[in-house]
Protein chains: 2
Amino acid sequence: MAKTTRRERVRAATMREIIQTARRILAEEGPEAVTLRAIAREMGMTAPALYRYFGSHEELVRHLVGDVFNDLTDGVHAALEAAPPGDMSEKFIAASSEFRRWALAHKREYALLFGVPVPGLEVEHGDFAQEGGRRFARTFLALFLELWRKKPFDVPADEEIVPALREPLQRYREYLDAPELPIGVMVRFLGCWIQLQGFVSLEVFGHLHFAFDDARPMFDQLMAEMMPSLGLDHPFRTP
Amino acid sequence: MAKTTRRERVRAATMREIIQTARRILAEEGPEAVTLRAIAREMGMTAPALYRYFGSHEELVRHLVGDVFNDLTDGVHAALEAAPPGDMSEKFIAASSEFRRWALAHKREYALLFGVPVPGLEVEHGDFAQEGGRRFARTFLALFLELWRKKPFDVPADEEIVPALREPLQRYREYLDAPELPIGVMVRFLGCWIQLQGFVSLEVFGHLHFAFDDARPMFDQLMAEMMPSLGLDHPFRTP
DNA sequence: AACTAAAGTGAACGCCGTTTATTGATGAAC
DNA sequence: GTTCATCAATAAACGGCGTTCACTTTAGTT
């Protein structure tokens with residue numbers, strides 16, 4: 001079991017400390033401050049030493065992305081578990097609100113996950129980061145599927161779906177390994193997710209300031225309009 | 001009229017050349033390549049010379065933002081004018097599609113406008129850039145208002161709007177100087193705009209790849225679902 | 001105790017934004 | 001038409017960055 005030599009353990013600890021330090025700097029001073037030299041300085045090391053742990057600055061940041069993803073996903077999971085077990089409306093609100101809350105409370109980390117990809121604008125985050133992203137995606141997907149399975153809601157018939165969209169939806173359904181779902185469910189799921197994340201991204205990046213000081217009520221409105229389309233009641237509440 | 005001295009003219013021309021050069025670099029090599037030294041190098045100058053024209057790198061970028069905004073706005077205007085004059089459905093599709101088309105064709109410029117604000121994540125773009133942003137916002141706003149005025153569509157009654165949202169909507173309505181509009185219209189306008197820009201941002205920044213290679217059909221689906229809520233027909237077409 | 005592989009250092013390279021002192025050009029006033 | 005002030009542009013330098021390389025220190029293994 002514990003085949004970990006002492007060397008391996010201290011090495012792992014150092015890697016963890018590096019990522020932790022990077023996160024602190026990210027949160028407190030912004031993404032452009034996350035430099036190898038700053039991290040090393042903070043840890044009482046020199047920058048080249050970090051190359052024993054990460055091949056480049058970019059690779060370090062990719063690990064950072066994975067770490068942040070896990071944090072966000074943990075938050076959403078916790079919110080889901082804290083919600084009244086049977087109440088799907090509350091669960092949906094809990095997960096969505098926690099996503100938004102976390103994003104606003106960790107703008108810079110959020111920007112790292114869902115902002116403009118830094119290098120070529122095309123490259124997917126690799127490996128570690130990608131895994132974190134998948135886990136996060138699975139969380140919301142599972143919630144939608146639970147929603148649908150427990151209490152199927154009205155979804156667009158196949159003929160109401162833009163023809164060119166049908167095949168991509170089928171392929172995504174295969175990828176999800178859920179062949180029993182109508183593609184109308186897929187289109188609802190994706191539509192809702194895009195609305196949710198689209199809204200939160202605009203809010204976090206300040207692109208709703210043109211209309212709102214505080215976008216919270218508009219978010220509630222969005223939820224109030226979206227939830228009925230998922231067969232959920234929305235408690236018209238503004239705590 | 002032409003009070004411009006020769007000095008002023010050549011100065012203005014140089015400023016234009018700087019912005020132009022910056023845009024070329026932005027488009028071809030990405031935002032991180034837009035450095036004072038690179039711009040100067042390209043123009044056969046040295047970096048400090050640019051300080052005669054812009055107070056800092058950031059100020060130069062703000063002007064760049066304004067320039068890019070104007071480009072985008074011009075594109076949307078052109079698309080609107082090219083649409084069949086009377087057909088509001090076509091106009092709406094033209095403007096929305098042009099917005100998306102331009103964004104995808106100018107990802108890096110788009111990222112500059114609607115990505116993560118670079119410095120503190122809070123600061124609004126100042127002056128020149130802000131004016132560009134306003135002009136752009138006015139374009140879509142005017143389109144929505146024309147829509148509503150020519151053919152009023154169903155909007156949520158005041159009681160269907162989340163209470164905490166009503167006052168902010170009234171204030172935004174005042175700011176727009178359109179006191180005759182029901183706040184239900186405001187909520188529709190903002191909701192549609194947020195959906196549109198949210199979608200395009202996610203697509204441009206690659207955050208829809210998790211489900212789609214090509215998000216175009218999903219965009220069409222979005223339009224197909226959104227337009228009826230604005231009293232518009234959607235031609236179920238996928239050219 | 002001796003050896004070896006890993007961890008860490010310091011100096012250097014070429015980038016960056018920015019400041020300062022200095023030179024070159026040009027339009028305006030006499 | 002010459003003088004002079006003003007603006008444009010430069011070279012050199014500072015500190016910061018990612019990264020490389022030759023080097024030393026540390027620590028586990030034999």
# chains A, B, ... in the order shown; residues from 1 in each chain; ligands from 1
$ closest_atom_pairs --of "chain C" --to "chain A" --cutoff "8 Å" --atoms "only C-alpha atoms (C1' of nucleotides)" --output "CSV"
residue,atom,partner,partner_atom,distance
C:DA7,C1',A:Ala49,CA,7.5
C:DG8,C1',A:Ala49,CA,5.8
C:DT9,C1',A:Thr46,CA,7.3
$ closest_atom_pairs --of "chain D" --to "chain B" --cutoff "8 Å" --atoms "only C-alpha atoms (C1' of nucleotides)" --output "JSON lines"
{"residue": "D:DA8", "atom": "C1'", "partner": "B:Ala49", "partner_atom": "CA", "distance": 7.4}
{"residue": "D:DA9", "atom": "C1'", "partner": "B:Ala49", "partner_atom": "CA", "distance": 5.7}
{"residue": "D:DT10", "atom": "C1'", "partner": "B:Thr46", "partner_atom": "CA", "distance": 7.3}
$ residues_around --residues "DG14 in chain C" --least-positions-apart "3" --cutoff "12 Å" --atoms "only C-alpha atoms (C1' of nucleotides)" --output "MDAnalysis selection string"
chainID D and resid 17:20
$ closest_atom_pairs --of "chain A" --to "chain B" --cutoff "7 Å" --atoms "only C-alpha atoms" --output "JSON lines"
{"residue": "A:Ala111", "atom": "CA", "partner": "B:Val116", "partner_atom": "CA", "distance": 6.7}
{"residue": "A:Gly115", "atom": "CA", "partner": "B:Val116", "partner_atom": "CA", "distance": 6.1}
{"residue": "A:Val116", "atom": "CA", "partner": "B:Phe205", "partner_atom": "CA", "distance": 5.4}
{"residue": "A:Pro117", "atom": "CA", "partner": "B:Phe205", "partner_atom": "CA", "distance": 6.7}
{"residue": "A:Leu121", "atom": "CA", "partner": "B:Phe205", "partner_atom": "CA", "distance": 6.8}
{"residue": "A:Glu122", "atom": "CA", "partner": "B:Gly206", "partner_atom": "CA", "distance": 6.8}
{"residue": "A:Ile161", "atom": "CA", "partner": "B:Gln221", "partner_atom": "CA", "distance": 6.7}
{"residue": "A:Val162", "atom": "CA", "partner": "B:Gln221", "partner_atom": "CA", "distance": 5.7}
{"residue": "A:Ala164", "atom": "CA", "partner": "B:Pro217", "partner_atom": "CA", "distance": 5.7}
{"residue": "A:Leu165", "atom": "CA", "partner": "B:Pro217", "partner_atom": "CA", "distance": 4.9}
{"residue": "A:Pro168", "atom": "CA", "partner": "B:Phe212", "partner_atom": "CA", "distance": 6.9}
{"residue": "A:Tyr172", "atom": "CA", "partner": "B:Ala211", "partner_atom": "CA", "distance": 6.2}
{"residue": "A:Ile194", "atom": "CA", "partner": "B:Phe199", "partner_atom": "CA", "distance": 6.5}
{"residue": "A:Gln195", "atom": "CA", "partner": "B:Gln195", "partner_atom": "CA", "distance": 6.1}
{"residue": "A:Gly198", "atom": "CA", "partner": "B:Gly198", "partner_atom": "CA", "distance": 4.0}
{"residue": "A:Phe199", "atom": "CA", "partner": "B:Gly198", "partner_atom": "CA", "distance": 6.1}
{"residue": "A:Leu202", "atom": "CA", "partner": "B:Gly198", "partner_atom": "CA", "distance": 6.6}
{"residue": "A:Phe205", "atom": "CA", "partner": "B:Val116", "partner_atom": "CA", "distance": 5.5}
{"residue": "A:Gly206", "atom": "CA", "partner": "B:Glu122", "partner_atom": "CA", "distance": 6.8}
{"residue": "A:Ala211", "atom": "CA", "partner": "B:Tyr172", "partner_atom": "CA", "distance": 6.1}
{"residue": "A:Phe212", "atom": "CA", "partner": "B:Pro168", "partner_atom": "CA", "distance": 6.9}
{"residue": "A:Pro217", "atom": "CA", "partner": "B:Leu165", "partner_atom": "CA", "distance": 4.9}
{"residue": "A:Met218", "atom": "CA", "partner": "B:Leu165", "partner_atom": "CA", "distance": 6.2}
{"residue": "A:Asp220", "atom": "CA", "partner": "B:Val162", "partner_atom": "CA", "distance": 7.0}
{"residue": "A:Gln221", "atom": "CA", "partner": "B:Val162", "partner_atom": "CA", "distance": 5.7}
{"residue": "A:Phe236", "atom": "CA", "partner": "B:Val162", "partner_atom": "CA", "distance": 6.7}
{"residue": "A:Thr238", "atom": "CA", "partner": "B:Ala164", "partner_atom": "CA", "distance": 6.8}
$ write_last_selection --atoms "C-alpha atoms" --output "short mmCIF file (atom, residue, chain, number, x, y, z; two decimals), in the first residue's frame"
data_model
loop_
_atom_site.label_atom_id
_atom_site.label_comp_id
_atom_site.auth_asym_id
_atom_site.auth_seq_id
_atom_site.Cartn_x
_atom_site.Cartn_y
_atom_site.Cartn_z
CA ALA A 111 -11.83 33.89 -14.66
CA GLY A 115 -12.46 33.36 -18.95
CA VAL A 116 -10.51 33.72 -22.12
CA PRO A 117 -8.12 30.80 -22.53
CA LEU A 121 -7.54 30.80 -27.59
CA GLU A 122 -8.15 27.27 -28.86
CA ILE A 161 -35.58 21.25 -32.84
CA VAL A 162 -33.56 22.91 -35.56
CA ALA A 164 -29.03 20.63 -38.02
CA LEU A 165 -28.96 20.37 -34.25
CA PRO A 168 -25.00 16.77 -32.76
CA TYR A 172 -23.63 14.16 -27.32
CA ILE A 194 -25.70 27.98 -21.26
CA GLN A 195 -28.08 30.54 -19.79
CA GLY A 198 -23.58 32.82 -19.65
CA PHE A 199 -25.28 34.98 -17.08
CA LEU A 202 -21.24 38.26 -17.80
CA PHE A 205 -16.68 39.95 -15.67
CA GLY A 206 -18.64 43.12 -15.12
CA ALA A 211 -27.76 47.98 -16.65
CA PHE A 212 -27.37 46.80 -13.05
CA PRO A 217 -32.54 40.25 -8.85
CA MET A 218 -32.05 39.65 -12.55
CA ASP A 220 -33.58 35.48 -9.61
CA GLN A 221 -35.77 36.50 -12.51
CA PHE A 236 -40.79 33.97 -5.61
CA THR A 238 -35.92 37.62 -2.45
#
$ atom_distance --atom1 "CA of Thr73 in chain A" --atom2 "CA of Phe136 in chain A"
5.3 Å
$ select_by_dssp --residues "range 99-221 of chain B" --states "helix (DSSP H, G or I)" --output "PyMOL selection string"
chain B and resi 99-105+107-114+127-150+158-160+163-176+183-204+216-221
$ residues_around --residues "DT30 in chain D" --least-positions-apart "2" --cutoff "12 Å" --atoms "only C-alpha atoms (C1' of nucleotides)" --output "list in words"
DA1, DA2, DC3 and DT4 of chain C; DG28 of chain D
$ atom_distance --atom1 "C1' of DG16 in chain D" --atom2 "CA of Ala40 in chain A"
14.0 Å
$ residues_around --residues "range 85-97 of chain B" --least-positions-apart "4" --cutoff "6 Å" --atoms "only C-alpha atoms (C1' of nucleotides)" --output "list in words"
Val76, Ala79, Leu80, Arg101 and Leu232 of chain B
